[in-house]
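Dropping coords08.txt in here (compact mmCIF, C-alpha atoms):
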```txt
# COMPACT_ATOMS: atom_id res chain seq x y z
CA MET A 26 0.00 0.00 0.00
CA SER A 27 2.71 2.46 0.92
CA ALA A 28 4.62 1.67 -2.27
CA ARG A 29 1.59 2.59 -4.44
CA VAL A 30 1.13 5.85 -2.55
CA ILE A 31 4.78 6.76 -3.09
CA ARG A 32 4.54 5.97 -6.82
CA ARG A 33 1.41 8.14 -7.19
CA ARG A 34 3.09 11.09 -5.46
CA VAL A 35 6.23 10.78 -7.60
CA ARG A 36 4.07 10.58 -10.74
CA ALA A 37 2.18 13.75 -9.67
CA VAL A 38 5.41 15.66 -9.13
CA VAL A 39 6.75 14.55 -12.50
CA ASP A 40 3.48 15.48 -14.20
CA ARG A 41 3.53 18.96 -12.70
CA GLY A 42 7.22 19.46 -13.79
CA ASP A 43 6.34 18.62 -17.41
CA ALA A 44 3.41 21.03 -17.52
CA GLY A 45 5.61 23.95 -18.95
CA ILE A 46 5.24 27.70 -18.22
CA THR A 47 2.03 29.66 -17.98
CA LEU A 48 0.91 32.43 -20.35
CA MET A 49 1.55 35.03 -17.64
CA GLU A 50 5.09 33.80 -17.16
CA LEU A 51 5.68 34.03 -20.92
CA VAL A 52 4.36 37.62 -21.08
CA VAL A 53 6.50 38.70 -18.12
CA SER A 54 9.56 37.10 -19.73
CA MET A 55 8.93 38.89 -23.03
CA VAL A 56 8.45 42.26 -21.31
CA LEU A 57 11.67 41.87 -19.33
CA THR A 58 13.56 40.85 -22.47
CA ALA A 59 12.23 43.91 -24.33
CA ILE A 60 13.24 46.25 -21.49
CA VAL A 61 16.76 44.83 -21.28
CA SER A 62 17.14 44.99 -25.08
CA ALA A 63 15.97 48.62 -25.18
CA MET A 64 18.38 49.56 -22.41
CA THR A 65 21.24 47.83 -24.24
CA VAL A 66 20.46 49.55 -27.54
CA GLY A 67 20.20 52.93 -25.77
CA ILE A 68 23.58 52.47 -24.14
CA LEU A 69 25.19 51.43 -27.42
CA LEU A 70 23.71 54.43 -29.25
CA SER A 71 24.85 56.79 -26.51
CA VAL A 72 28.39 55.39 -26.58
CA ASN A 73 28.49 55.56 -30.39
CA SER A 74 27.24 59.17 -30.40
CA SER A 75 29.74 60.17 -27.74
CA THR A 76 32.56 58.53 -29.70
CA ASN A 77 31.52 60.28 -32.93
CA ASP A 78 31.30 63.66 -31.17
CA SER A 79 34.72 63.17 -29.63
CA THR A 80 36.26 62.19 -32.96
CA ASP A 81 34.50 65.08 -34.68
CA ARG A 82 35.81 67.59 -32.14
CA THR A 83 39.32 66.18 -32.39
CA VAL A 84 39.35 66.47 -36.19
CA ASN A 85 37.87 69.98 -36.18
CA THR A 86 40.25 71.13 -33.47
CA GLY A 87 43.23 69.81 -35.42
CA ASP A 88 42.04 71.48 -38.63
CA ALA A 89 41.41 74.78 -36.84
CA ARG A 90 44.82 74.76 -35.18
CA SER A 91 46.52 74.03 -38.52
CA THR A 92 44.52 76.80 -40.22
CA ILE A 93 45.35 79.51 -37.75
CA GLN A 94 49.03 78.54 -37.77
CA ASP A 95 49.22 78.57 -41.58
CA TRP A 96 47.31 81.81 -42.03
CA THR A 97 49.29 83.75 -39.46
CA ALA A 98 52.49 82.35 -40.98
CA TYR A 99 51.47 83.75 -44.39
CA LEU A 100 50.79 87.16 -42.86
CA ARG A 101 54.18 87.18 -41.16
CA VAL A 102 55.84 87.05 -44.59
CA ALA A 103 53.38 89.43 -46.30
CA ASP A 104 55.12 91.53 -48.93
CA GLY A 105 54.29 94.04 -51.60
CA LYS A 106 54.06 93.12 -55.25
CA THR A 107 57.44 94.83 -55.46
CA ALA A 108 59.60 93.09 -52.86
CA GLY A 109 60.18 95.15 -49.72
CA VAL A 110 57.58 97.82 -50.55
CA LYS A 111 54.31 98.23 -48.65
CA THR A 112 52.34 99.45 -51.65
CA ASN A 113 49.69 96.91 -52.65
CA ARG A 114 50.74 94.43 -49.97
CA PHE A 115 46.95 94.08 -49.45
CA GLU A 116 44.29 94.26 -52.12
CA TRP A 117 41.38 94.22 -49.66
CA VAL A 118 40.71 93.46 -46.01
CA THR A 119 37.13 93.03 -44.81
CA SER A 120 35.63 91.35 -41.76
CA ASN A 121 35.55 87.88 -43.38
CA ASP A 122 37.63 88.22 -46.55
CA MET A 123 41.24 89.20 -47.20
CA LEU A 124 43.54 89.12 -50.21
CA PHE A 125 47.24 89.92 -49.91
CA TYR A 126 50.67 88.85 -51.14
CA ALA A 127 53.18 86.68 -49.29
CA ASP A 128 56.74 85.58 -49.92
CA LEU A 129 55.93 81.96 -50.75
CA TYR A 130 57.56 79.92 -53.53
CA ASN A 131 59.54 83.00 -54.62
CA ARG A 132 63.10 81.75 -54.07
CA THR A 133 65.12 79.15 -55.91
CA VAL A 134 67.52 76.56 -54.57
CA THR A 135 70.32 77.94 -56.73
CA ASN A 136 69.92 81.55 -55.53
CA LEU A 137 68.36 81.93 -52.08
CA THR A 138 69.10 85.65 -51.88
CA ALA A 139 67.12 86.57 -55.00
CA THR A 140 63.43 87.30 -54.37
CA GLY A 141 60.94 86.57 -57.10
CA ALA A 142 57.28 87.46 -57.44
CA PRO A 143 55.20 86.85 -54.30
CA THR A 144 52.15 84.59 -54.14
CA MET A 145 48.63 86.00 -54.10
CA ILE A 146 46.79 84.64 -51.05
CA TRP A 147 43.00 84.80 -50.78
CA LEU A 148 41.56 83.84 -47.37
CA ARG A 149 37.87 83.97 -46.50
CA LEU A 150 34.88 82.54 -44.66
CA ASP A 151 32.52 81.30 -47.36
CA SER A 152 28.72 81.36 -47.41
CA HIS A 153 28.54 77.80 -45.99
CA GLY A 154 30.62 78.53 -42.89
CA VAL A 155 33.83 77.01 -44.30
CA LEU A 156 37.26 78.65 -44.15
CA ILE A 157 38.72 78.72 -47.66
CA GLU A 158 42.32 79.34 -48.70
CA GLU A 159 43.27 79.92 -52.34
CA GLN A 160 46.66 80.73 -53.82
CA PHE A 161 47.22 82.37 -57.21
CA PRO A 162 50.17 83.76 -59.18
CA SER A 163 50.82 87.41 -58.32
CA THR A 164 49.62 88.44 -61.80
CA ALA A 165 46.28 86.59 -61.61
CA THR A 166 43.29 88.36 -63.15
CA ALA A 167 39.56 87.71 -63.17
CA GLY A 168 38.83 84.11 -64.18
CA THR A 169 42.23 82.72 -63.16
CA ALA A 170 41.98 79.28 -61.52
CA PRO A 171 43.81 78.86 -58.21
CA ARG A 172 46.98 76.83 -58.29
CA LEU A 173 46.08 75.66 -54.77
CA CYS A 174 42.73 75.66 -52.96
CA ARG A 175 42.07 74.23 -49.50
CA ARG A 176 38.84 73.85 -47.53
CA MET A 177 40.36 74.37 -44.13
CA VAL A 178 37.64 74.07 -41.46
CA THR A 179 33.86 73.51 -41.51
CA GLY A 180 31.24 74.66 -39.02
CA VAL A 181 32.90 78.07 -38.53
CA SER A 182 31.25 81.18 -37.09
CA THR A 183 32.45 84.55 -35.80
CA PRO A 184 30.21 85.32 -32.78
CA TYR A 185 32.81 87.40 -30.93
CA GLY A 186 33.87 89.74 -33.72
CA PRO A 187 35.18 89.66 -37.30
CA LEU A 188 37.32 86.88 -38.69
CA PHE A 189 40.02 89.43 -39.62
CA THR A 190 40.82 92.52 -37.53
CA PRO A 191 43.64 94.75 -38.84
CA TYR A 192 45.61 97.00 -36.48
CA ASP A 193 47.97 99.89 -37.04
CA ASP A 194 51.41 100.12 -35.42
CA SER A 195 49.92 101.66 -32.23
CA ARG A 196 47.57 98.64 -31.88
CA GLY A 197 44.56 100.67 -32.89
CA SER A 198 41.81 98.74 -34.68
CA MET A 199 41.38 99.63 -38.35
CA SER A 200 38.13 97.71 -38.83
CA GLY A 201 36.23 100.94 -39.45
CA ASP A 202 38.66 102.23 -42.08
CA VAL A 203 38.27 101.90 -45.83
CA LEU A 204 40.41 98.89 -46.73
CA GLY A 205 39.00 97.81 -50.06
CA THR A 206 35.93 95.89 -51.19
CA ALA A 207 35.81 92.09 -51.41
CA PRO A 208 33.73 90.15 -53.96
CA ALA A 209 30.34 88.81 -52.91
CA ALA A 210 30.57 85.77 -50.62
CA SER A 211 30.30 82.39 -52.33
CA ALA A 212 30.77 78.75 -51.44
CA GLY A 213 33.86 76.63 -51.91
CA CYS A 214 36.80 76.99 -54.25
CA GLN A 215 36.41 79.22 -57.27
CA GLN A 216 38.27 81.15 -59.91
CA LEU A 217 39.40 84.64 -58.99
CA PRO A 218 36.13 86.55 -59.51
CA VAL A 219 37.60 90.01 -60.13
CA THR A 220 40.80 91.63 -61.29
CA VAL A 221 42.45 92.97 -58.13
CA PRO A 222 42.55 96.76 -57.60
CA SER A 223 46.31 97.09 -58.14
CA GLN A 224 45.83 95.87 -61.70
CA THR A 225 42.95 98.20 -62.52
CA ASN A 226 43.26 101.75 -63.76
CA LYS A 227 41.35 103.31 -60.84
CA PRO A 228 42.23 101.78 -57.46
CA ASP A 229 40.61 103.39 -54.39
CA PRO A 230 43.23 105.91 -53.14
CA ALA A 231 41.82 105.92 -49.58
CA ALA A 232 41.98 102.13 -49.36
CA LEU A 233 45.48 102.10 -50.85
CA ALA A 234 46.72 104.62 -48.26
CA ASN A 235 45.05 102.89 -45.30
CA GLN A 236 46.32 99.44 -46.28
CA GLN A 237 49.91 100.63 -45.88
CA ASP A 238 49.22 101.40 -42.21
CA ILE A 239 48.29 97.81 -41.36
CA ALA A 240 50.92 96.52 -38.94
CA SER A 241 49.22 93.36 -37.68
CA VAL A 242 46.13 91.25 -38.29
CA GLN A 243 44.19 89.21 -35.76
CA VAL A 244 42.48 86.02 -36.92
CA ASP A 245 39.57 84.93 -34.71
CA PHE A 246 36.90 82.27 -35.24
CA VAL A 247 34.81 79.62 -33.49
CA VAL A 248 34.39 76.03 -34.64
CA ARG A 249 31.68 73.54 -33.67
CA ASP A 250 31.14 69.85 -34.34
CA THR A 251 28.70 68.62 -37.00
CA SER A 252 25.89 68.71 -34.44
CA GLY A 253 26.49 72.43 -33.89
CA LYS A 254 27.68 71.82 -30.33
CA HIS A 255 30.87 72.25 -28.28
CA PRO A 256 32.11 75.65 -29.57
CA LEU A 257 35.86 76.25 -29.41
CA GLU A 258 37.44 79.65 -30.11
CA PHE A 259 40.74 80.05 -31.92
CA THR A 260 42.56 83.36 -32.13
CA SER A 261 46.04 84.51 -33.12
CA LEU A 262 47.75 87.81 -33.89
CA ALA A 263 50.18 88.02 -36.81
CA VAL A 264 52.65 90.92 -36.86
CA LEU A 265 53.56 91.92 -40.40
CA PRO A 266 57.18 92.49 -41.41
CA LEU A 267 58.42 96.07 -41.57
CA LEU A 268 58.72 97.21 -45.16
CA GLY A 269 59.56 100.42 -46.92
CA GLY A 270 56.98 102.97 -48.01
CA VAL A 271 55.78 103.92 -51.46
```
Representation of the structure as structure tokens:
Amino acid sequence: MSARVIRRRVRAVVDRGDAGITLMELVVSMVLTAIVSAMTVGILLSVNSSTNDSTDRTVNTGDARSTIQDWTAYLRVADGKTAGVKTNRFEWVTSNDMLFYADLYNRTVTNLTATGAPTMIWLRLDSHGVLIEEQFPSTATAGTAPRLCRRMVTGVSTPYGPLFTPYDDSRGSMSGDVLGTAPAASAGCQQLPVTVPSQTNKPDPAALANQQDIASVQVDFVVRDTSGKHPLEFTSLAVLPLLGGV
């Protein structure tokens, strides 16, 4: 008798163990799985976004640092179209656009003391918020293609003042002075849109006189990542070389 009772109880336990899970248990399991999956995806997306932002800032910061170093270096060797003479060292200087000449690629290996024609340098903030650098021969006229064009930095703005601020030798700002007129803003690399004033028959005499008083130029801009966040300001002052007068 006791043996039959034991067998019945064992069979009941086994039967209950084979019955599987209930519908409620299945629903709870699915809900928990969905919550854990959503949390995992959210964490992965957050980490990926943070990584992209960090990479983006690193690249933009590197580009901005390289830009401000290069541009101030050009200004520190700014020269006139006639070597050593201030006249026509600048063609125009506006808040976001500047064209001048610099002693680049104007010496040969065989004669380092001889100075050839300077290089025309056109620096600007274009209509898409990109810093653009173009280099032309010193004799370039309207329609001339640049021999070098670089898109330096994207996502640029100037919330704290102009991109270019010229100063005289007493460190007085010349932003309000007549310093020439730049072409209309455009996007990206382009051919030289106008013949520069020094090559025209009627350059602006006030601009020509004021340009010779420029002793230094400050470059100042802010860069952001592609999300428009994390602004970083870059600024540098370039002192121009002393040259003779007219």
> Residues around (33.0, 91.4, -57.9), cut-off 12 Å, counting only C-alpha atoms - what are they as JSON, numbers by chain?
Replying inline: {"A": [166, 167, 168, 205, 206, 207, 208, 209, 210, 211, 216, 217, 218, 219, 220, 221, 222]}
> What's the 10 Å shell around Thr140 of chain A, counting all atoms listed in the file, without same-chain residues fewer than 6 positions away, as a PyMOL selection string?
Replying inline: chain A and resi 107-109+128-133
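For the residues A:Gln237, A:Thr164, A:Thr144, A:Thr58, ranking by smallest atom-to-atom distance to Val110 of chain A using all atoms listed in the file places A:Gln237 first.
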Could the centre and edge lengths of an axis-aligned box, enclosing all atoms of segment 240-255 of chain A in the file with 3 Å extra on each side, be given in Å to one decimal as lines of an AutoDock Vina configuration file?
```
center_x = 38.4
center_y = 82.6
center_z = -33.6
size_x = 31.0
size_y = 33.9
size_z = 16.7
```
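For the pair atom CA of Asn113 of chain A and atom CA of Pro162 of chain A, the interatomic distance is 14.7 Å.
Ranking A:Leu124, A:Ala89, A:Val66, A:Ile239 by their shortest atom-to-atom distance to Asp193 of chain A, with all atoms listed in the file included, puts A:Ile239 first.
In terms of minimum interatomic distance to Lys254 of chain A, A:Val181 ranks closest within A:Leu268, A:Val181, A:Ala232, A:Met199, counting only C-alpha atoms.
Remark: for Tyr126 of chain A, the closest of the candidate residues A:Ala103, A:Ala142, A:Val178, A:Val155 is A:Ala103 (distances computed over only C-alpha atoms).
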> atom CA of Ile60 of chain A to atom CA of Thr47 of chain A: how many Å, to one decimal?
Replying inline: 20.3 Å
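The spacing separating atom CA of Lys106 of chain A from atom CA of Pro143 of chain A amounts to 6.4 Å.
If all atoms listed in the file are the atoms counted, then among A:Met64, A:Val102, A:Ile146, A:Val53 the closest residue to Leu265 of chain A is A:Val102.
Proximity ranking of A:Ser223, A:Ser261, A:Ser152, A:Asn121 relative to Gly105 of chain A places A:Ser223 first, based on all atoms listed in the file.
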